[in-house]
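S.K.: Attaching a single structure in structure tokens format; questions to follow.
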Amino acid sequence: MKNLAQYITIVIALFLFSCSSDDNGPQIDLSNLDPSIPSLIYPTNNLVCTNFNLEFDWNVSTDTDGDTVSYVIDIATDSEFATVLFTAVTSETLRAFTLEKGTTYYWRVKARDSEGNESKYSPAQSFFTEPDAGINTIPSTPGLISPSLGERVSGTMIALEWDATDADGDALLYDVYFGNTNPPILFSENIDASTLDVSASPDTVYYWRVVVKDNHQSATIGQVWNFRTE
């Protein structure tokens, strides 16, 4: 009987302790909030642009938690962004890209904080680049030399090689986009040779493309190529 009384006393004590703990209420989980959605400034909606080397500008995003904010910008040739030509991540609120003439483009920006939270994309805006009014011929689409499409390559330094021509004999410069994301980001610009050495990590798929520019403000955007390192 004495043991039964002791058992009942222990059960009551545990119950009272449990109730006492519950009185403190649940702990409030203060989750980190998303940054605000950036608003687009330039190019404005439905703008006709005469310059193919265009600088994009947007407003600063605010973050109520005080986190560091960066921005992701996408540029596509369709309003659904099914074909994204360029994407870039930057801590600035502007970024320049080399575009083709006579083309309709769409662009959007989202904010990303240092905790990995992202805002929604801004409403997309479209603009148009004017076609060349003169007799200048735009450069040819760059052709792939090496590495071949989908090739498995070894080594930590890879030589990217391509070729391009210009019917007018204009001097050509190249912007190279390279990285392990598709589409790739701008890696090197205004180079005057059709080859570029890049460093690579093993067992990784890399994507790259070339934009060819002549000295008459004309440009041709090449397709995205890829290779895999061993």
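In the structure tokens, the first chain shown is A, the next is B, and so on; residue numbers restart at 1 for each chain, and ligands run from 1 in the order shown.
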Residues of stretch 135-177 of chain A in strand (DSSP E) according to DSSP, as a ChimeraX atom specification?

M.R.: /A:143-146,152-153,157-163,173-177

S.K.: Need to verify the contact set: A:Asp203, 10 Å, only C-alpha atoms, exclusion of same-chain residues closer than 6 positions in sequence. Can you return it as a list in words?

M.R.: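 Counting only the stated atoms, we get Arg152, Val153, Ser154, Arg228, Thr229 and Glu230 of chain A.
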
S.K.: Store the residues picked out above in a file with all heavy atoms, as a PDB file, in the first residue's frame.

M.R.:
ATOM      1  N   ARG A 152      33.914  14.838 -73.053  1.00  0.00           N
ATOM      2  CA  ARG A 152      34.506  14.644 -71.730  1.00  0.00           C
ATOM      3  C   ARG A 152      35.987  15.009 -71.845  1.00  0.00           C
ATOM      4  O   ARG A 152      36.715  14.433 -72.660  1.00  0.00           O
ATOM      5  CB  ARG A 152      34.345  13.204 -71.251  1.00  0.00           C
ATOM      6  CG  ARG A 152      32.895  12.778 -71.062  1.00  0.00           C
ATOM      7  CD  ARG A 152      32.804  11.386 -70.457  1.00  0.00           C
ATOM      8  NE  ARG A 152      33.245  11.405 -69.067  1.00  0.00           N
ATOM      9  CZ  ARG A 152      32.429  11.545 -68.027  1.00  0.00           C
ATOM     10  NH1 ARG A 152      31.128  11.709 -68.226  1.00  0.00           N
ATOM     11  NH2 ARG A 152      32.883  11.531 -66.792  1.00  0.00           N
ATOM     12  N   VAL A 153      36.416  15.958 -71.032  1.00  0.00           N
ATOM     13  CA  VAL A 153      37.796  16.438 -71.114  1.00  0.00           C
ATOM     14  C   VAL A 153      38.471  16.272 -69.757  1.00  0.00           C
ATOM     15  O   VAL A 153      37.810  16.202 -68.717  1.00  0.00           O
ATOM     16  CB  VAL A 153      37.845  17.912 -71.556  1.00  0.00           C
ATOM     17  CG1 VAL A 153      37.250  18.071 -72.944  1.00  0.00           C
ATOM     18  CG2 VAL A 153      37.094  18.795 -70.565  1.00  0.00           C
ATOM     19  N   SER A 154      39.790  16.218 -69.772  1.00  0.00           N
ATOM     20  CA  SER A 154      40.553  16.073 -68.536  1.00  0.00           C
ATOM     21  C   SER A 154      41.450  17.295 -68.353  1.00  0.00           C
ATOM     22  O   SER A 154      41.730  18.031 -69.308  1.00  0.00           O
ATOM     23  CB  SER A 154      41.396  14.803 -68.575  1.00  0.00           C
ATOM     24  OG  SER A 154      42.275  14.811 -69.684  1.00  0.00           O
ATOM     25  N   ARG A 228      31.964  18.178 -70.292  1.00  0.00           N
ATOM     26  CA  ARG A 228      32.077  17.618 -68.940  1.00  0.00           C
ATOM     27  C   ARG A 228      33.541  17.303 -68.640  1.00  0.00           C
ATOM     28  O   ARG A 228      34.239  16.738 -69.491  1.00  0.00           O
ATOM     29  CB  ARG A 228      31.231  16.362 -68.783  1.00  0.00           C
ATOM     30  CG  ARG A 228      31.350  15.703 -67.410  1.00  0.00           C
ATOM     31  CD  ARG A 228      30.604  14.386 -67.338  1.00  0.00           C
ATOM     32  NE  ARG A 228      29.171  14.575 -67.352  1.00  0.00           N
ATOM     33  CZ  ARG A 228      28.445  14.801 -66.256  1.00  0.00           C
ATOM     34  NH1 ARG A 228      29.038  14.873 -65.073  1.00  0.00           N
ATOM     35  NH2 ARG A 228      27.144  14.956 -66.333  1.00  0.00           N
ATOM     36  N   THR A 229      33.973  17.655 -67.441  1.00  0.00           N
ATOM     37  CA  THR A 229      35.336  17.322 -67.018  1.00  0.00           C
ATOM     38  C   THR A 229      35.351  15.947 -66.341  1.00  0.00           C
ATOM     39  O   THR A 229      34.371  15.542 -65.729  1.00  0.00           O
ATOM     40  CB  THR A 229      35.885  18.374 -66.054  1.00  0.00           C
ATOM     41  OG1 THR A 229      34.972  18.533 -64.964  1.00  0.00           O
ATOM     42  CG2 THR A 229      36.074  19.711 -66.738  1.00  0.00           C
ATOM     43  N   GLU A 230      36.484  15.272 -66.445  1.00  0.00           N
ATOM     44  CA  GLU A 230      36.614  13.941 -65.849  1.00  0.00           C
ATOM     45  C   GLU A 230      37.206  14.040 -64.453  1.00  0.00           C
ATOM     46  O   GLU A 230      37.867  15.006 -64.118  1.00  0.00           O
ATOM     47  CB  GLU A 230      37.508  13.064 -66.745  1.00  0.00           C
ATOM     48  CG  GLU A 230      36.893  12.814 -68.116  1.00  0.00           C
ATOM     49  CD  GLU A 230      37.776  11.936 -68.975  1.00  0.00           C
ATOM     50  OE1 GLU A 230      39.015  11.922 -68.739  1.00  0.00           O
ATOM     51  OE2 GLU A 230      37.234  11.266 -69.870  1.00  0.00           O
TER      52      GLU A 230
END

S.K.: Quick one: everything within 12 Å of A:Asp197, counting only C-alpha atoms, minus sequence neighbours fewer than 5 positions away in the same chain. Send it as a PyMOL selection string.

M.R.: chain A and resi 146-147+155-161+176+178+187-188+191

S.K.: To one decimal in Å, tell me the separation between atom CA of A:Thr64 and atom CA of A:Thr44.

M.R.: 27.8 Å

S.K.: Got a sec: who's within 10 Å of A:Ala193, counting only C-alpha atoms, leaving out chain neighbours fewer than 4 positions off, as a CSV table (one decimal) with all heavy atoms, in the first residue's frame?

M.R.:
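Contents of the output file out22.csv:
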chain,number,residue,atom,x,y,z
A,161,GLU,N,37.8,27.1,-77.7
A,161,GLU,CA,38.1,27.6,-79.1
A,161,GLU,C,36.9,27.7,-79.9
A,161,GLU,O,36.0,26.8,-79.9
A,161,GLU,CB,39.2,26.8,-79.7
A,161,GLU,CG,40.5,26.7,-79.0
A,161,GLU,CD,41.5,25.9,-79.8
A,161,GLU,OE1,41.8,26.2,-80.9
A,161,GLU,OE2,42.0,24.9,-79.2
A,162,TRP,N,36.8,28.8,-80.7
A,162,TRP,CA,35.6,29.0,-81.6
A,162,TRP,C,36.1,29.7,-82.8
A,162,TRP,O,37.3,30.2,-82.9
A,162,TRP,CB,34.5,29.7,-80.9
A,162,TRP,CG,34.9,31.1,-80.5
A,162,TRP,CD1,34.8,32.3,-81.2
A,162,TRP,CD2,35.6,31.5,-79.3
A,162,TRP,NE1,35.3,33.3,-80.5
A,162,TRP,CE2,35.8,32.9,-79.3
A,162,TRP,CE3,36.1,30.8,-78.2
A,162,TRP,CZ2,36.5,33.6,-78.3
A,162,TRP,CZ3,36.7,31.5,-77.2
A,162,TRP,CH2,36.9,32.8,-77.2
A,163,ASP,N,35.3,29.9,-83.8
A,163,ASP,CA,35.6,30.8,-84.9
A,163,ASP,C,34.4,31.6,-85.3
A,163,ASP,O,33.2,31.2,-85.1
A,163,ASP,CB,36.2,30.0,-86.1
A,163,ASP,CG,35.1,29.0,-86.7
A,163,ASP,OD1,34.0,29.0,-86.3
A,163,ASP,OD2,35.5,28.2,-87.6
A,172,LEU,N,36.9,42.0,-85.0
A,172,LEU,CA,35.9,41.4,-84.1
A,172,LEU,C,36.4,41.3,-82.7
A,172,LEU,O,37.6,41.0,-82.5
A,172,LEU,CB,35.5,40.0,-84.6
A,172,LEU,CG,34.9,39.9,-86.0
A,172,LEU,CD1,34.6,38.4,-86.4
A,172,LEU,CD2,33.6,40.7,-86.1
A,173,LEU,N,35.5,41.5,-81.8
A,173,LEU,CA,35.8,41.3,-80.4
A,173,LEU,C,34.7,40.3,-79.8
A,173,LEU,O,33.7,40.1,-80.4
A,173,LEU,CB,35.6,42.6,-79.6
A,173,LEU,CG,36.7,43.7,-79.9
A,173,LEU,CD1,36.4,44.9,-79.1
A,173,LEU,CD2,38.1,43.2,-79.5
A,174,TYR,N,35.1,39.6,-78.7
A,174,TYR,CA,34.3,38.5,-78.2
A,174,TYR,C,34.0,38.7,-76.7
A,174,TYR,O,34.9,39.1,-76.0
A,174,TYR,CB,34.9,37.2,-78.5
A,174,TYR,CG,35.3,36.9,-79.9
A,174,TYR,CD1,36.7,37.1,-80.3
A,174,TYR,CD2,34.4,36.5,-80.8
A,174,TYR,CE1,37.0,36.9,-81.6
A,174,TYR,CE2,34.8,36.3,-82.1
A,174,TYR,CZ,36.1,36.5,-82.5
A,174,TYR,OH,36.5,36.3,-83.8

S.K.: Can you pull out the residues contacting A:Val72? Cut-off 10 Å, using only C-alpha atoms, and skip same-chain residues under 3 positions away; I want them as a VMD selection string.

M.R.: chain A and resid 87 to 91 93 108 to 112 118 121

S.K.: Would you put the residues from that selection into a file with N, CA, C and O atoms, as a JSON list (two decimals), in the first residue's frame?

M.R.:
[["chain", "number", "residue", "atom", "x", "y", "z"],
["A", 87, "THR", "N", 21.75, 35.25, -67.75],
["A", 87, "THR", "CA", 21.40, 35.41, -66.35],
["A", 87, "THR", "C", 22.67, 35.77, -65.60],
["A", 87, "THR", "O", 23.76, 35.34, -65.97],
["A", 88, "ALA", "N", 22.53, 36.58, -64.56],
["A", 88, "ALA", "CA", 23.70, 37.02, -63.80],
["A", 88, "ALA", "C", 23.28, 37.30, -62.37],
["A", 88, "ALA", "O", 22.13, 37.66, -62.10],
["A", 89, "VAL", "N", 24.21, 37.12, -61.45],
["A", 89, "VAL", "CA", 24.01, 37.46, -60.04],
["A", 89, "VAL", "C", 24.98, 38.59, -59.70],
["A", 89, "VAL", "O", 26.18, 38.49, -59.98],
["A", 90, "THR", "N", 24.47, 39.66, -59.11],
["A", 90, "THR", "CA", 25.30, 40.82, -58.82],
["A", 90, "THR", "C", 24.84, 41.49, -57.52],
["A", 90, "THR", "O", 23.66, 41.42, -57.17],
["A", 91, "SER", "N", 25.78, 42.12, -56.84],
["A", 91, "SER", "CA", 25.42, 42.88, -55.64],
["A", 91, "SER", "C", 25.05, 44.32, -55.98],
["A", 91, "SER", "O", 24.60, 45.08, -55.12],
["A", 93, "THR", "N", 23.01, 47.30, -58.49],
["A", 93, "THR", "CA", 21.67, 47.44, -59.05],
["A", 93, "THR", "C", 21.71, 47.82, -60.53],
["A", 93, "THR", "O", 20.78, 48.41, -61.06],
["A", 108, "ARG", "N", 13.78, 40.61, -66.26],
["A", 108, "ARG", "CA", 13.20, 40.61, -64.92],
["A", 108, "ARG", "C", 14.33, 40.47, -63.90],
["A", 108, "ARG", "O", 15.44, 40.03, -64.24],
["A", 109, "VAL", "N", 14.03, 40.85, -62.66],
["A", 109, "VAL", "CA", 15.03, 40.79, -61.59],
["A", 109, "VAL", "C", 14.35, 40.30, -60.30],
["A", 109, "VAL", "O", 13.19, 40.65, -60.03],
["A", 110, "LYS", "N", 15.06, 39.50, -59.53],
["A", 110, "LYS", "CA", 14.61, 39.14, -58.19],
["A", 110, "LYS", "C", 15.75, 39.37, -57.20],
["A", 110, "LYS", "O", 16.92, 39.43, -57.59],
["A", 111, "ALA", "N", 15.40, 39.54, -55.92],
["A", 111, "ALA", "CA", 16.39, 39.78, -54.87],
["A", 111, "ALA", "C", 16.63, 38.50, -54.09],
["A", 111, "ALA", "O", 15.73, 37.68, -53.91],
["A", 112, "ARG", "N", 17.85, 38.34, -53.61],
["A", 112, "ARG", "CA", 18.23, 37.17, -52.80],
["A", 112, "ARG", "C", 19.06, 37.65, -51.62],
["A", 112, "ARG", "O", 20.03, 38.40, -51.81],
["A", 118, "GLU", "N", 14.60, 34.40, -51.16],
["A", 118, "GLU", "CA", 14.45, 35.14, -52.41],
["A", 118, "GLU", "C", 13.08, 35.81, -52.49],
["A", 118, "GLU", "O", 12.08, 35.26, -52.01],
["A", 121, "TYR", "N", 10.02, 37.37, -58.60],
["A", 121, "TYR", "CA", 10.56, 38.17, -59.70],
["A", 121, "TYR", "C", 9.74, 39.44, -59.87],
["A", 121, "TYR", "O", 8.53, 39.46, -59.62]]

S.K.: Please report the interatomic distance between atom CA of A:Pro202 and atom CA of A:Pro142 in Å with one decimal.

M.R.: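 A separation of 26.7 Å between them.
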
S.K.: Which residue gives the smallest distance to A:Trp208 among A:Leu85, A:Asn117, A:Phe97, A:Thr129, with only C-alpha atoms counted?

M.R.: A:Leu85

S.K.: Would you mind listing what lies within 10 Å of A:Tyr177 as a PyMOL selection string, with only C-alpha atoms counted and same-chain residues fewer than 2 positions away left out?

M.R.: chain A and resi 86-87+174-175+179+183-189+207-211+224

S.K.: Do you know which residues are at most 9 Å from A:Thr62 counting only C-alpha atoms, after dropping those on the same chain fewer than 2 positions away, and could you put them as an MDAnalysis selection string?

M.R.: chainID A and resid 35:38 60 64 66 69 111

S.K.: For those residues, write N, CA and C atoms to a file as a tab-separated table (two decimals), in the first residue's frame.

M.R.:
chain	number	residue	atom	x	y	z
A	35	PRO	N	13.50	39.34	-48.93
A	35	PRO	CA	13.68	40.75	-49.31
A	35	PRO	C	12.53	41.20	-50.20
A	36	SER	N	12.40	42.51	-50.36
A	36	SER	CA	11.33	43.05	-51.20
A	36	SER	C	11.62	42.83	-52.68
A	37	ILE	N	10.58	42.89	-53.48
A	37	ILE	CA	10.72	42.69	-54.93
A	37	ILE	C	11.33	43.94	-55.56
A	38	PRO	N	12.42	43.82	-56.32
A	38	PRO	CA	12.99	45.00	-56.99
A	38	PRO	C	12.04	45.53	-58.06
A	60	VAL	N	16.83	49.44	-55.52
A	60	VAL	CA	17.34	48.66	-54.41
A	60	VAL	C	16.20	47.90	-53.73
A	64	THR	N	14.18	43.55	-44.26
A	64	THR	CA	13.85	43.97	-42.89
A	64	THR	C	14.76	43.33	-41.84
A	66	GLY	N	17.98	43.06	-42.27
A	66	GLY	CA	19.31	43.65	-42.41
A	66	GLY	C	20.32	42.75	-43.10
A	69	VAL	N	21.98	41.82	-49.56
A	69	VAL	CA	21.10	41.48	-50.68
A	69	VAL	C	21.88	41.48	-51.98
A	111	ALA	N	15.40	39.54	-55.92
A	111	ALA	CA	16.39	39.78	-54.87
A	111	ALA	C	16.63	38.50	-54.09
